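Novice: What follows is final-v8.cif, mmCIF, C-alpha atoms and all ligand atoms.
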```
data_data
loop_
_atom_site.label_atom_id
_atom_site.label_comp_id
_atom_site.auth_asym_id
_atom_site.auth_seq_id
_atom_site.Cartn_x
_atom_site.Cartn_y
_atom_site.Cartn_z
CA MET D 1 -27.50 -7.93 8.31
CA ALA D 2 -27.30 -4.98 10.69
CA PHE D 3 -24.62 -4.19 13.28
CA LEU D 4 -24.60 -1.66 16.09
CA LEU D 5 -21.09 -0.68 17.17
CA LYS D 6 -21.37 0.69 20.71
CA GLY D 7 -18.93 3.20 22.14
CA ALA D 8 -16.31 3.30 19.37
CA HIS D 9 -13.86 6.17 19.21
CA ALA D 10 -14.53 7.24 15.62
CA VAL D 11 -11.85 9.20 13.77
CA ASP D 12 -12.58 10.72 10.38
CA PRO D 13 -10.83 13.98 9.42
CA GLN D 14 -13.15 14.31 6.39
CA VAL D 15 -16.10 15.08 8.64
CA GLY D 16 -14.20 16.45 11.65
CA LEU D 17 -15.04 13.40 13.76
CA ASP D 18 -12.82 12.48 16.73
CA GLU D 19 -15.10 11.28 19.51
CA VAL D 20 -16.83 8.30 21.07
CA VAL D 21 -20.04 7.41 19.21
CA ASP D 22 -22.39 4.56 18.37
CA VAL D 23 -22.53 3.54 14.71
CA LEU D 24 -25.36 1.59 13.10
CA ILE D 25 -24.55 -0.34 9.94
CA ASP D 26 -27.61 -1.49 8.00
CA GLY D 27 -27.20 -3.40 4.74
CA GLU D 28 -24.35 -1.86 2.75
CA ARG D 29 -24.41 1.53 4.43
CA VAL D 30 -23.88 3.48 7.58
CA ALA D 31 -27.44 4.10 8.76
CA GLU D 32 -26.73 6.29 11.80
CA VAL D 33 -23.90 7.87 13.78
CA GLY D 34 -24.92 9.16 17.19
CA SER D 35 -24.98 8.60 20.90
CA ASP D 36 -27.07 6.09 22.84
CA LEU D 37 -28.40 4.42 19.69
CA GLU D 38 -30.80 1.57 20.43
CA ALA D 39 -30.51 -1.80 18.74
CA GLY D 40 -33.67 -2.75 16.89
CA GLN D 41 -34.65 -6.30 16.03
CA ASP D 42 -32.10 -8.48 14.26
CA VAL D 43 -29.29 -6.05 14.99
CA GLN D 44 -26.06 -7.57 16.24
CA VAL D 45 -24.53 -5.40 18.95
CA ILE D 46 -20.73 -5.14 19.02
CA ASP D 47 -19.06 -3.69 22.10
CA ALA D 48 -16.44 -1.33 20.65
CA THR D 49 -15.39 0.27 23.94
CA GLY D 50 -11.73 1.29 23.83
CA LYS D 51 -11.50 0.69 20.08
CA TYR D 52 -11.07 3.09 17.19
CA LEU D 53 -13.40 3.11 14.17
CA VAL D 54 -11.99 4.57 10.95
CA PRO D 55 -12.83 4.63 7.23
CA GLY D 56 -11.69 1.30 5.74
CA LEU D 57 -7.93 1.12 5.22
CA VAL D 58 -6.60 1.11 1.65
CA ASP D 59 -3.24 -0.31 0.55
CA MET D 60 -2.64 1.16 -2.89
CA HIS D 61 0.46 -0.93 -3.68
CA VAL D 62 0.36 -4.74 -3.40
CA HIS D 63 1.49 -7.69 -5.53
CA PHE D 64 -0.97 -10.59 -5.59
CA ARG D 65 0.87 -12.65 -8.29
CA ASP D 66 -2.42 -13.82 -9.85
CA PRO D 67 -2.33 -14.87 -12.67
CA GLY D 68 0.97 -16.59 -13.17
CA PHE D 69 2.74 -16.95 -9.82
CA GLU D 70 -0.02 -18.48 -7.72
CA TYR D 71 2.53 -20.44 -5.69
CA LYS D 72 3.50 -17.11 -4.07
CA GLU D 73 0.02 -15.57 -3.63
CA THR D 74 -3.40 -15.58 -5.24
CA ILE D 75 -6.12 -12.98 -5.20
CA GLU D 76 -7.85 -15.20 -2.65
CA THR D 77 -4.89 -15.67 -0.28
CA GLY D 78 -3.84 -12.05 -0.73
CA SER D 79 -7.38 -10.93 0.12
CA ARG D 80 -7.18 -12.96 3.33
CA ALA D 81 -3.91 -11.29 4.29
CA ALA D 82 -5.35 -7.86 3.48
CA THR D 83 -8.45 -8.48 5.58
CA HIS D 84 -6.36 -9.85 8.45
CA GLY D 85 -4.31 -6.63 8.29
CA GLY D 86 -7.42 -4.44 8.50
CA PHE D 87 -7.82 -3.41 4.86
CA THR D 88 -11.03 -2.97 2.87
CA ASP D 89 -9.30 -2.12 -0.42
CA VAL D 90 -6.06 -3.09 -2.14
CA ALA D 91 -4.64 -1.91 -5.46
CA THR D 92 -2.87 -4.75 -7.25
CA MET D 93 0.23 -4.15 -9.36
CA PRO D 94 0.27 -5.53 -12.93
CA ASN D 95 3.58 -7.48 -12.90
CA THR D 96 1.70 -10.76 -13.17
CA ASP D 97 2.13 -13.41 -15.89
CA PRO D 98 0.74 -12.47 -18.31
CA VAL D 99 1.26 -8.84 -17.36
CA THR D 100 -2.06 -7.13 -16.62
CA ASP D 101 -2.04 -4.87 -19.67
CA THR D 102 -5.50 -5.42 -21.21
CA GLY D 103 -9.11 -4.85 -20.22
CA THR D 104 -9.58 -8.61 -19.92
CA GLY D 105 -6.70 -8.78 -17.43
CA ILE D 106 -8.29 -6.05 -15.34
CA ARG D 107 -11.68 -7.78 -15.41
CA TYR D 108 -10.08 -11.08 -14.34
CA GLN D 109 -8.67 -9.47 -11.20
CA ILE D 110 -11.95 -7.82 -10.25
CA ASP D 111 -13.84 -11.09 -10.85
CA ARG D 112 -11.38 -13.09 -8.72
CA GLY D 113 -11.75 -10.45 -6.03
CA HIS D 114 -15.53 -10.87 -6.06
CA ALA D 115 -15.13 -14.65 -5.88
CA ALA D 116 -12.87 -14.29 -2.83
CA GLY D 117 -15.52 -11.98 -1.38
CA LEU D 118 -13.31 -10.24 1.19
CA CYS D 119 -11.92 -6.90 0.07
CA HIS D 120 -12.24 -4.62 -2.93
CA ILE D 121 -9.60 -5.44 -5.54
CA ARG D 122 -8.63 -2.25 -7.40
CA PRO D 123 -6.39 -3.30 -10.29
CA ILE D 124 -3.59 -1.11 -11.59
CA GLY D 125 -2.92 -1.62 -15.32
CA ALA D 126 0.50 -1.74 -16.95
CA MET D 127 1.46 1.45 -18.78
CA THR D 128 3.39 -0.39 -21.46
CA ARG D 129 2.74 -3.77 -23.07
CA GLY D 130 4.25 -6.56 -21.04
CA GLU D 131 5.92 -3.84 -18.90
CA LYS D 132 8.61 -3.88 -21.57
CA GLY D 133 8.72 -0.09 -21.85
CA GLU D 134 8.40 -0.20 -25.63
CA ALA D 135 4.76 0.35 -26.60
CA LEU D 136 1.69 1.80 -24.95
CA SER D 137 -0.75 -0.71 -23.48
CA GLU D 138 -4.55 -0.62 -23.90
CA ILE D 139 -5.06 2.21 -21.42
CA GLY D 140 -8.58 3.22 -22.53
CA ASP D 141 -9.85 -0.35 -22.52
CA MET D 142 -8.44 -0.93 -19.03
CA VAL D 143 -10.09 2.25 -17.73
CA LEU D 144 -13.45 0.97 -19.04
CA GLU D 145 -12.94 -2.32 -17.17
CA GLY D 146 -12.07 -0.58 -13.90
CA ALA D 147 -8.31 0.09 -13.79
CA VAL D 148 -7.71 2.66 -11.03
CA ALA D 149 -4.21 3.77 -12.12
CA PHE D 150 -1.31 2.81 -14.39
CA SER D 151 2.20 1.65 -13.57
CA ASP D 152 5.05 -0.53 -14.83
CA ASP D 153 5.95 -1.30 -11.18
CA GLY D 154 8.84 -3.70 -10.88
CA HIS D 155 10.64 -1.59 -13.47
CA GLY D 156 11.25 2.01 -14.29
CA VAL D 157 10.16 3.03 -17.79
CA GLN D 158 13.68 3.45 -19.15
CA SER D 159 12.88 5.65 -22.13
CA ALA D 160 11.94 9.23 -21.25
CA GLY D 161 10.11 9.51 -24.58
CA MET D 162 8.04 6.40 -23.82
CA MET D 163 7.19 7.73 -20.37
CA ARG D 164 6.09 11.01 -21.94
CA THR D 165 3.77 9.14 -24.32
CA CYS D 166 2.29 7.12 -21.43
CA MET D 167 1.68 10.24 -19.37
CA GLU D 168 0.12 12.17 -22.26
CA TYR D 169 -2.25 9.27 -22.81
CA ILE D 170 -3.09 8.59 -19.16
CA ALA D 171 -3.79 12.32 -18.60
CA GLN D 172 -6.88 12.01 -20.80
CA PHE D 173 -8.57 9.57 -18.43
CA ASP D 174 -8.38 11.22 -15.01
CA ARG D 175 -5.95 8.58 -13.74
CA VAL D 176 -2.49 8.84 -12.19
CA ALA D 177 0.75 7.41 -13.51
CA ILE D 178 2.48 5.54 -10.70
CA ALA D 179 6.23 5.56 -11.19
CA HIS D 180 8.68 2.95 -9.93
CA CYS D 181 11.77 5.11 -10.35
CA GLU D 182 14.90 3.19 -11.32
CA ILE D 183 17.42 3.93 -14.03
CA GLU D 184 18.69 0.45 -14.75
CA THR D 185 22.07 1.51 -16.11
CA LEU D 186 22.71 2.96 -12.64
CA SER D 187 21.08 0.30 -10.42
CA GLY D 188 22.69 -2.39 -12.58
CA HIS D 189 23.36 -5.56 -10.59
CA GLY D 190 22.78 -3.68 -7.32
CA VAL D 191 21.32 -5.78 -4.49
CA ILE D 192 21.80 -3.43 -1.52
CA ASN D 193 22.10 0.33 -0.98
CA GLU D 194 25.28 1.71 -2.55
CA GLY D 195 27.50 3.17 0.15
CA LYS D 196 28.27 1.94 3.62
CA ALA D 197 26.23 -1.28 3.34
CA SER D 198 27.53 -2.37 -0.06
CA THR D 199 31.11 -1.67 1.04
CA ARG D 200 30.75 -3.39 4.41
CA LEU D 201 29.20 -6.55 2.94
CA GLY D 202 31.04 -6.49 -0.38
CA MET D 203 28.05 -6.55 -2.66
CA PHE D 204 26.96 -4.59 -5.75
CA GLY D 205 25.33 -1.30 -4.75
CA TRP D 206 21.97 0.13 -5.94
CA PRO D 207 22.64 3.89 -5.67
CA ALA D 208 20.14 6.49 -4.49
CA LEU D 209 20.85 8.43 -7.67
CA ALA D 210 19.23 5.71 -9.83
CA GLU D 211 15.95 6.51 -8.07
CA GLU D 212 16.36 10.28 -7.68
CA LEU D 213 17.29 11.01 -11.29
CA GLU D 214 14.15 9.27 -12.51
CA ILE D 215 12.00 11.07 -9.93
CA TYR D 216 13.42 14.34 -11.30
CA ARG D 217 12.70 13.26 -14.89
CA ASP D 218 9.14 12.19 -14.14
CA ILE D 219 8.36 15.42 -12.27
CA GLU D 220 9.51 17.34 -15.36
CA LEU D 221 7.34 15.08 -17.55
CA CYS D 222 4.44 15.82 -15.22
CA ARG D 223 5.05 19.52 -15.81
CA LEU D 224 5.20 18.94 -19.59
CA THR D 225 2.18 16.66 -19.93
CA GLY D 226 -0.06 17.71 -17.05
CA CYS D 227 -0.48 14.02 -16.14
CA PRO D 228 -0.90 13.42 -12.38
CA LEU D 229 2.17 11.59 -11.10
CA HIS D 230 2.50 9.38 -8.03
CA ILE D 231 5.99 8.29 -6.96
CA ALA D 232 6.02 4.68 -5.72
CA HIS D 233 7.93 3.54 -2.61
CA ILE D 234 10.06 6.67 -2.15
CA SER D 235 13.24 5.84 -0.22
CA THR D 236 15.69 8.75 -0.10
CA VAL D 237 15.99 12.25 1.38
CA LYS D 238 16.72 13.83 -1.99
CA GLY D 239 13.82 12.07 -3.72
CA LEU D 240 11.54 13.46 -1.06
CA GLU D 241 13.03 16.97 -1.50
CA LEU D 242 12.21 16.75 -5.23
CA VAL D 243 8.60 15.79 -4.46
CA LYS D 244 8.30 18.61 -1.92
CA GLY D 245 9.60 21.07 -4.51
CA ALA D 246 7.09 19.85 -7.11
CA LYS D 247 4.24 20.18 -4.63
CA ALA D 248 5.34 23.70 -3.68
CA GLU D 249 5.11 24.60 -7.37
CA GLY D 250 1.55 23.27 -7.47
CA LEU D 251 2.30 20.30 -9.74
CA PRO D 252 -0.06 17.28 -9.40
CA VAL D 253 2.58 15.11 -7.74
CA THR D 254 1.99 12.72 -4.80
CA CYS D 255 4.09 9.96 -3.26
CA GLU D 256 4.00 6.93 -0.98
CA VAL D 257 6.32 5.23 1.48
CA THR D 258 6.48 1.69 2.89
CA PRO D 259 6.79 0.69 6.56
CA HIS D 260 10.12 -1.02 5.82
CA HIS D 261 11.65 2.20 4.49
CA LEU D 262 10.33 4.04 7.57
CA PHE D 263 11.35 1.58 10.28
CA LEU D 264 14.36 -0.31 8.88
CA ASN D 265 17.59 0.84 7.27
CA GLU D 266 20.76 -0.56 5.71
CA ASP D 267 22.40 -1.01 9.14
CA ASP D 268 19.82 -3.72 9.93
CA ILE D 269 21.44 -5.93 7.30
CA ASP D 270 24.22 -7.97 8.89
CA THR D 271 26.27 -11.05 8.17
CA THR D 272 23.30 -13.31 8.88
CA TYR D 273 22.16 -12.13 5.43
CA ASN D 274 18.45 -12.15 6.21
CA THR D 275 17.16 -12.01 2.64
CA ASN D 276 13.74 -10.78 3.80
CA LEU D 277 15.54 -7.43 4.10
CA LYS D 278 16.37 -7.45 0.40
CA MET D 279 13.90 -5.30 -1.47
CA ASN D 280 13.57 -2.82 -4.29
CA PRO D 281 14.34 -0.01 -3.72
CA PRO D 282 16.82 -1.18 -1.07
CA LEU D 283 16.78 -0.17 2.58
CA ARG D 284 18.65 3.15 2.63
CA THR D 285 20.55 5.02 5.34
CA PRO D 286 19.29 5.87 8.85
CA ASP D 287 19.13 9.54 7.74
CA ASP D 288 16.92 8.61 4.79
CA ALA D 289 14.55 6.67 7.07
CA ALA D 290 14.40 9.58 9.53
CA ALA D 291 13.53 12.04 6.74
CA LEU D 292 10.80 9.71 5.47
CA ARG D 293 9.31 9.47 8.99
CA GLU D 294 9.32 13.26 9.11
CA GLY D 295 7.69 13.37 5.67
CA ILE D 296 4.79 11.09 6.55
CA LEU D 297 4.11 13.20 9.65
CA ASP D 298 4.37 16.63 8.01
CA GLY D 299 2.23 15.85 4.94
CA SER D 300 4.92 15.77 2.26
CA ILE D 301 4.33 12.01 1.89
CA ASP D 302 0.70 11.31 1.01
CA CYS D 303 0.19 7.59 1.46
CA LEU D 304 1.44 4.61 3.41
CA VAL D 305 1.63 1.45 1.26
CA THR D 306 3.08 -1.97 1.91
CA ASP D 307 4.46 -2.96 -1.52
CA HIS D 308 3.36 -6.43 -0.28
CA ALA D 309 5.74 -8.60 -2.35
CA PRO D 310 5.24 -12.30 -1.55
CA HIS D 311 7.95 -14.76 -2.55
CA ALA D 312 8.22 -18.51 -1.93
CA ALA D 313 10.66 -19.96 0.62
CA HIS D 314 13.05 -21.26 -2.05
CA GLU D 315 13.25 -17.78 -3.60
CA LYS D 316 14.47 -16.31 -0.30
CA ASP D 317 16.32 -19.22 1.31
CA CYS D 318 19.45 -18.73 -0.80
CA GLU D 319 22.45 -16.41 -1.25
CA TRP D 320 21.66 -12.71 -0.91
CA GLU D 321 22.71 -11.98 -4.52
CA ILE D 322 20.18 -14.36 -6.07
CA ALA D 323 17.31 -13.92 -3.59
CA PHE D 324 14.19 -12.21 -4.99
CA PHE D 325 13.46 -8.59 -4.05
CA GLY D 326 10.57 -7.86 -1.68
CA THR D 327 8.85 -8.33 1.67
CA VAL D 328 5.24 -9.12 2.52
CA GLY D 329 3.57 -6.28 4.40
CA LEU D 330 -0.21 -6.39 4.61
CA GLU D 331 -0.40 -7.95 8.08
CA THR D 332 2.26 -5.78 9.74
CA SER D 333 1.58 -2.35 8.27
CA LEU D 334 -1.09 -1.10 10.69
CA PRO D 335 0.55 -2.68 13.79
CA LEU D 336 3.89 -1.04 12.87
CA MET D 337 2.30 2.39 12.44
CA LEU D 338 0.37 2.06 15.70
CA ASN D 339 3.29 0.65 17.67
CA ASN D 340 6.03 2.92 16.32
CA LEU D 341 4.28 6.22 15.56
CA VAL D 342 0.81 6.47 17.13
CA ARG D 343 1.54 4.95 20.56
CA THR D 344 4.67 7.04 20.87
CA GLY D 345 2.60 10.20 20.29
CA LYS D 346 4.43 11.16 17.09
CA MET D 347 1.45 10.61 14.78
CA SER D 348 -2.15 11.58 15.46
CA TRP D 349 -5.01 9.22 14.68
CA GLN D 350 -6.25 11.81 12.19
CA ARG D 351 -2.98 11.68 10.27
CA LEU D 352 -2.97 7.88 10.36
CA VAL D 353 -6.42 7.88 8.76
CA GLU D 354 -5.28 10.36 6.10
CA VAL D 355 -2.27 8.29 4.98
CA MET D 356 -3.95 4.87 5.25
CA ALA D 357 -7.49 5.61 4.07
CA VAL D 358 -8.34 9.08 2.79
CA ASN D 359 -5.35 9.93 0.59
CA PRO D 360 -5.00 6.57 -1.19
CA ARG D 361 -8.69 6.75 -2.19
CA SER D 362 -8.12 10.22 -3.56
CA VAL D 363 -5.01 9.21 -5.56
CA LEU D 364 -6.87 6.22 -7.03
CA ARG D 365 -9.99 8.30 -7.80
CA LEU D 366 -12.14 6.02 -5.62
CA PRO D 367 -15.38 7.31 -4.08
CA LYS D 368 -14.94 8.75 -0.59
CA VAL D 369 -15.78 6.57 2.40
CA LYS D 370 -16.75 8.36 5.61
CA VAL D 371 -17.91 7.54 9.11
CA GLU D 372 -21.14 9.32 8.31
CA ARG D 373 -24.77 8.45 7.74
CA GLY D 374 -25.31 7.32 4.13
CA SER D 375 -21.70 6.36 3.40
CA VAL D 376 -20.83 2.89 2.16
CA ALA D 377 -20.00 0.83 5.27
CA ASP D 378 -16.34 0.08 4.44
CA LEU D 379 -14.93 0.42 7.95
CA THR D 380 -12.02 -0.79 10.08
CA LEU D 381 -12.24 -1.29 13.85
CA ILE D 382 -8.89 -1.13 15.66
CA ASP D 383 -7.85 -2.22 19.15
CA PRO D 384 -4.88 0.00 20.06
CA ASP D 385 -3.84 -2.41 22.84
CA ARG D 386 -4.08 -5.74 21.02
CA GLU D 387 -0.64 -7.32 20.60
CA VAL D 388 0.46 -9.26 17.60
CA THR D 389 3.64 -11.29 17.29
CA VAL D 390 4.81 -11.61 13.72
CA THR D 391 5.37 -15.34 13.19
CA GLU D 392 4.88 -17.48 10.10
CA ASP D 393 1.68 -18.80 11.68
CA TYR D 394 0.35 -15.30 12.24
CA LEU D 395 0.77 -14.48 8.54
CA GLN D 396 -2.14 -15.64 6.40
CA SER D 397 -0.42 -14.67 3.19
CA ARG D 398 0.72 -17.69 1.18
CA SER D 399 4.29 -16.37 1.55
CA LYS D 400 6.10 -15.73 4.81
CA ASN D 401 8.92 -13.43 3.69
CA SER D 402 8.36 -10.68 6.24
CA ALA D 403 11.15 -8.30 7.12
CA PHE D 404 9.51 -7.99 10.56
CA LEU D 405 9.37 -11.67 11.61
CA GLY D 406 9.90 -12.03 15.35
CA GLN D 407 8.65 -8.56 16.31
CA THR D 408 5.85 -8.07 18.83
CA LEU D 409 3.75 -5.01 18.03
CA VAL D 410 0.98 -3.37 20.02
CA GLY D 411 -2.18 -2.35 18.13
CA SER D 412 -4.08 -4.12 15.37
CA ALA D 413 -7.41 -4.39 13.55
CA THR D 414 -10.05 -6.61 15.14
CA ASP D 415 -12.95 -6.13 12.73
CA VAL D 416 -13.44 -5.09 9.13
CA PHE D 417 -16.69 -4.29 7.33
CA VAL D 418 -16.84 -4.26 3.54
CA ALA D 419 -20.12 -2.86 2.19
CA GLY D 420 -21.64 -3.79 5.54
CA ARG D 421 -20.34 -7.38 5.55
CA ARG D 422 -18.15 -8.37 8.48
CA THR D 423 -15.03 -9.75 6.74
CA LEU D 424 -12.88 -9.76 9.89
CA GLU D 425 -14.45 -10.75 13.19
CA ASN D 426 -12.42 -10.40 16.39
CA GLY D 427 -9.22 -10.83 14.43
CA VAL D 428 -10.46 -13.85 12.49
CA VAL D 429 -11.00 -13.68 8.72
CA ALA D 430 -14.57 -14.64 7.73
N1 LIG X 1 9.46 -4.15 -4.25
C1 LIG X 1 10.05 -5.30 -4.48
O1 LIG X 1 11.11 -5.55 -3.90
N2 LIG X 1 9.52 -6.20 -5.33
C2 LIG X 1 8.34 -6.05 -6.12
C3 LIG X 1 8.55 -5.18 -7.31
C4 LIG X 1 8.48 -3.70 -7.04
O2 LIG X 1 7.68 -3.21 -6.24
O3 LIG X 1 9.23 -2.93 -7.67
C5 LIG X 1 7.89 -7.42 -6.57
O4 LIG X 1 7.04 -7.53 -7.48
O5 LIG X 1 8.34 -8.42 -6.00
ZN ZN X 2 8.40 -1.00 -7.48
ZN ZN X 3 5.78 -2.96 -5.96
#
```
Spell out the structure here as structure tokens.
Specialist:
Amino acid sequence: MAFLLKGAHAVDPQVGLDEVVDVLIDGERVAEVGSDLEAGQDVQVIDATGKYLVPGLVDMHVHFRDPGFEYKETIETGSRAATHGGFTDVATMPNTDPVTDTGTGIRYQIDRGHAAGLCHIRPIGAMTRGEKGEALSEIGDMVLEGAVAFSDDGHGVQSAGMMRTCMEYIAQFDRVAIAHCEIETLSGHGVINEGKASTRLGMFGWPALAEELEIYRDIELCRLTGCPLHIAHISTVKGLELVKGAKAEGLPVTCEVTPHHLFLNEDDIDTTYNTNLKMNPPLRTPDDAAALREGILDGSIDCLVTDHAPHAAHEKDCEWEIAFFGTVGLETSLPLMLNNLVRTGKMSWQRLVEVMAVNPRSVLRLPKVKVERGSVADLTLIDPDREVTVTEDYLQSRSKNSAFLGQTLVGSATDVFVAGRRTLENGVVA
């Protein structure tokens, strides 16, 4: 199948592209980028006037719950949500049941991804067996089967010595260690940010220090072992300062932030106890959120991720204390960035492409994708004026626990191409 995209505003900082062009996709690849391209026989012409064409978006932090918790999400339903949100690639976290800590587990995820046939599933393997933090998992075997990175996400690795061993081992394979930073003796029973929010609502607090102390530790372990380190879902000013300091020293440290930590904060939690606002790490202060927004604009934060964490209705429709942690995010991430940062002129399209496509590929050691002749045709077409209203019906994820339900956002993906196949067509998943 061949497609000719006419008059798209292509943005790709990797090749210095920021102009209106025609793009011909033939088979799996970009066959031509130019002006006034003519459609040959059997070429489907797509009018892309007014739309933006960018390298396919990558979400390097999602939870697809497959195997083990298929009632929340499967690789198939998660792939649909990812495609609907404009993504060509997602990296799946290993806190499944069983935990994805073997080569077979990695292969299962890739195979299920192929069966779903929508986006590229890039599995992240557990660093320790069963994510228990006690013994190294089969890192080498998982690399051979296609693991793109390693993480015990859902938990911090509590033992500094164990984390050192993991990082020494991972360093041998040109992969990054992704750290969910949480010292459990400090976060304890915390269910909300410790400070104003925990005091106001009378609930156990999850202090910033529990995250920051482990970020500090892992940066020092990065220095000691040389293992590339990526800090997951950073949420505080001080954590970000630590990452900036490490970068200034030239250490191989990167980090990511979620839309909910950018655009929500602890003051959004009120006595209606909307449990979709309960996540790990918790929503922090307005000052933290402002610093994170600054960080994603100025380059100190490398990647935007959703931490898409689907949970069933009964796991959220309960008291705040016992509700599960997490919000879905795949179908609101791009609209939130467009609506809140790009439309308001704070973020350039170039920077959006860096944090949602270029940098995540680089952290995960994936091949580059470019809007350039010869590149694999993994591409996202975006209508900056297309409104979406976040309702349960809009969400194609199996779970509806969005922190952004009810919001109307301007800007969303209309079409996605994965290796030249049109997986999203005018906003409808293939
Ligand atoms: N972020 C969350 O609130 N929840 C995640 C776990 C995690 O990312 O740490 C989950 O798996 O549900
Ligand atoms: Zn986490
Ligand atoms: Zn996570």
Novice: Which is closer to ligand ZN 2 (chain X) than all the others in D:Leu251, D:Cys303, D:Val355, D:Val157, using only C-alpha atoms and all ligand atoms?
Specialist: D:Val157
Novice: Please list, as a count of residues only, the residues that have an atom at most 12 Å away from (-5.2, 3.2, -2.3) in the coordinates of this file, counting all atoms listed in the file.
Specialist: 48
Novice: At a cut-off of 10 Å, using only C-alpha atoms, what residues contact Lys247 (chain D)? Leave out same-chain residues fewer than 6 positions from it and give the result as a ChimeraX atom specification.
Specialist: /D:219,241,253-254,300
Novice: Around ligand ZN 2 (chain X), out to 6 Å and counting only C-alpha atoms and all ligand atoms, which residues are there? I want them as a PyMOL selection string.
Specialist: chain D and resi 153-154+180
Novice: Show which residues sit within 8 Å of Arg80 (chain D), as number ranges by chain. Count only C-alpha atoms, and ignore same-chain residues fewer than 5 positions away.
Specialist: D: 118, 396-397, 429
Novice: Which residues come within 6 Å of Ser412 (chain D), counting all atoms listed in the file, excluding same-chain residues fewer than 6 positions away, as a ChimeraX atom specification?
Specialist: /D:335,382-383,386
Novice: From the options D:Ile106, D:Ala419, D:Met142, D:Val99, which residue's atoms come nearest to ligand LIG 1 (chain X), counting only C-alpha atoms and all ligand atoms?
Specialist: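 For ligand LIG 1 (chain X), the nearest of the given residues is D:Val99.
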Novice: Pull the closest atom pair for each residue of chain D that gets at most 10 Å from ligand LIG 1 (chain X), along with the distance in Å to one decimal, counting only C-alpha atoms and all ligand atoms, ordering rows by chain and then ascending residue number, as CSV.
Specialist:
```
residue,atom,partner,partner_atom,distance
D:His61,CA,X:LIG1,O2,8.0
D:Val62,CA,X:LIG1,O2,8.0
D:His63,CA,X:LIG1,O4,5.9
D:Phe64,CA,X:LIG1,O4,8.8
D:Arg65,CA,X:LIG1,O4,8.1
D:Met93,CA,X:LIG1,O4,7.8
D:Pro94,CA,X:LIG1,O4,8.9
D:Asn95,CA,X:LIG1,O4,6.4
D:Thr96,CA,X:LIG1,O4,8.4
D:Asp152,CA,X:LIG1,O3,8.6
D:Asp153,CA,X:LIG1,O3,5.1
D:Gly154,CA,X:LIG1,O3,3.3
D:His155,CA,X:LIG1,O3,6.1
D:Gly156,CA,X:LIG1,O3,8.5
D:Ala179,CA,X:LIG1,O3,9.7
D:His180,CA,X:LIG1,O3,6.3
D:Cys181,CA,X:LIG1,O3,8.8
D:Glu182,CA,X:LIG1,O3,9.1
D:Ala232,CA,X:LIG1,O2,8.1
D:His233,CA,X:LIG1,O2,7.7
D:Thr258,CA,X:LIG1,N1,9.7
D:Asn276,CA,X:LIG1,O1,9.7
D:Leu277,CA,X:LIG1,O1,9.3
D:Lys278,CA,X:LIG1,O1,7.1
D:Met279,CA,X:LIG1,O1,3.7
D:Asn280,CA,X:LIG1,O1,3.7
D:Pro281,CA,X:LIG1,O1,6.4
D:Pro282,CA,X:LIG1,O1,7.7
D:Thr306,CA,X:LIG1,N1,9.1
D:Asp307,CA,X:LIG1,O2,5.7
D:His308,CA,X:LIG1,N1,7.6
D:Ala309,CA,X:LIG1,O5,4.5
D:Pro310,CA,X:LIG1,O5,6.7
D:His311,CA,X:LIG1,O5,7.2
D:Phe324,CA,X:LIG1,O5,7.0
D:Phe325,CA,X:LIG1,O1,3.8
D:Gly326,CA,X:LIG1,O1,3.2
D:Thr327,CA,X:LIG1,O1,6.6
D:Val328,CA,X:LIG1,O5,9.1
```
Novice: Store the residues picked out above in a file with C-alpha atoms, as a tab-separated table (two decimals), in the coordinates of the input.
Specialist:
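Saved result, again-v9.tsv, follows:
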```tsv
chain	number	residue	atom	x	y	z
D	61	HIS	CA	0.46	-0.93	-3.68
D	62	VAL	CA	0.36	-4.74	-3.40
D	63	HIS	CA	1.49	-7.69	-5.53
D	64	PHE	CA	-0.97	-10.59	-5.59
D	65	ARG	CA	0.87	-12.65	-8.29
D	93	MET	CA	0.23	-4.15	-9.36
D	94	PRO	CA	0.27	-5.53	-12.93
D	95	ASN	CA	3.58	-7.48	-12.90
D	96	THR	CA	1.70	-10.76	-13.17
D	152	ASP	CA	5.05	-0.53	-14.83
D	153	ASP	CA	5.95	-1.30	-11.18
D	154	GLY	CA	8.84	-3.70	-10.88
D	155	HIS	CA	10.64	-1.59	-13.47
D	156	GLY	CA	11.25	2.01	-14.29
D	179	ALA	CA	6.23	5.56	-11.19
D	180	HIS	CA	8.68	2.95	-9.93
D	181	CYS	CA	11.77	5.11	-10.35
D	182	GLU	CA	14.90	3.19	-11.32
D	232	ALA	CA	6.02	4.68	-5.72
D	233	HIS	CA	7.93	3.54	-2.61
D	258	THR	CA	6.48	1.69	2.89
D	276	ASN	CA	13.74	-10.78	3.80
D	277	LEU	CA	15.54	-7.43	4.10
D	278	LYS	CA	16.37	-7.45	0.40
D	279	MET	CA	13.90	-5.30	-1.47
D	280	ASN	CA	13.57	-2.82	-4.29
D	281	PRO	CA	14.34	-0.01	-3.72
D	282	PRO	CA	16.82	-1.18	-1.07
D	306	THR	CA	3.08	-1.97	1.91
D	307	ASP	CA	4.46	-2.96	-1.52
D	308	HIS	CA	3.36	-6.43	-0.28
D	309	ALA	CA	5.74	-8.60	-2.35
D	310	PRO	CA	5.24	-12.30	-1.55
D	311	HIS	CA	7.95	-14.76	-2.55
D	324	PHE	CA	14.19	-12.21	-4.99
D	325	PHE	CA	13.46	-8.59	-4.05
D	326	GLY	CA	10.57	-7.86	-1.68
D	327	THR	CA	8.85	-8.33	1.67
D	328	VAL	CA	5.24	-9.12	2.52
```
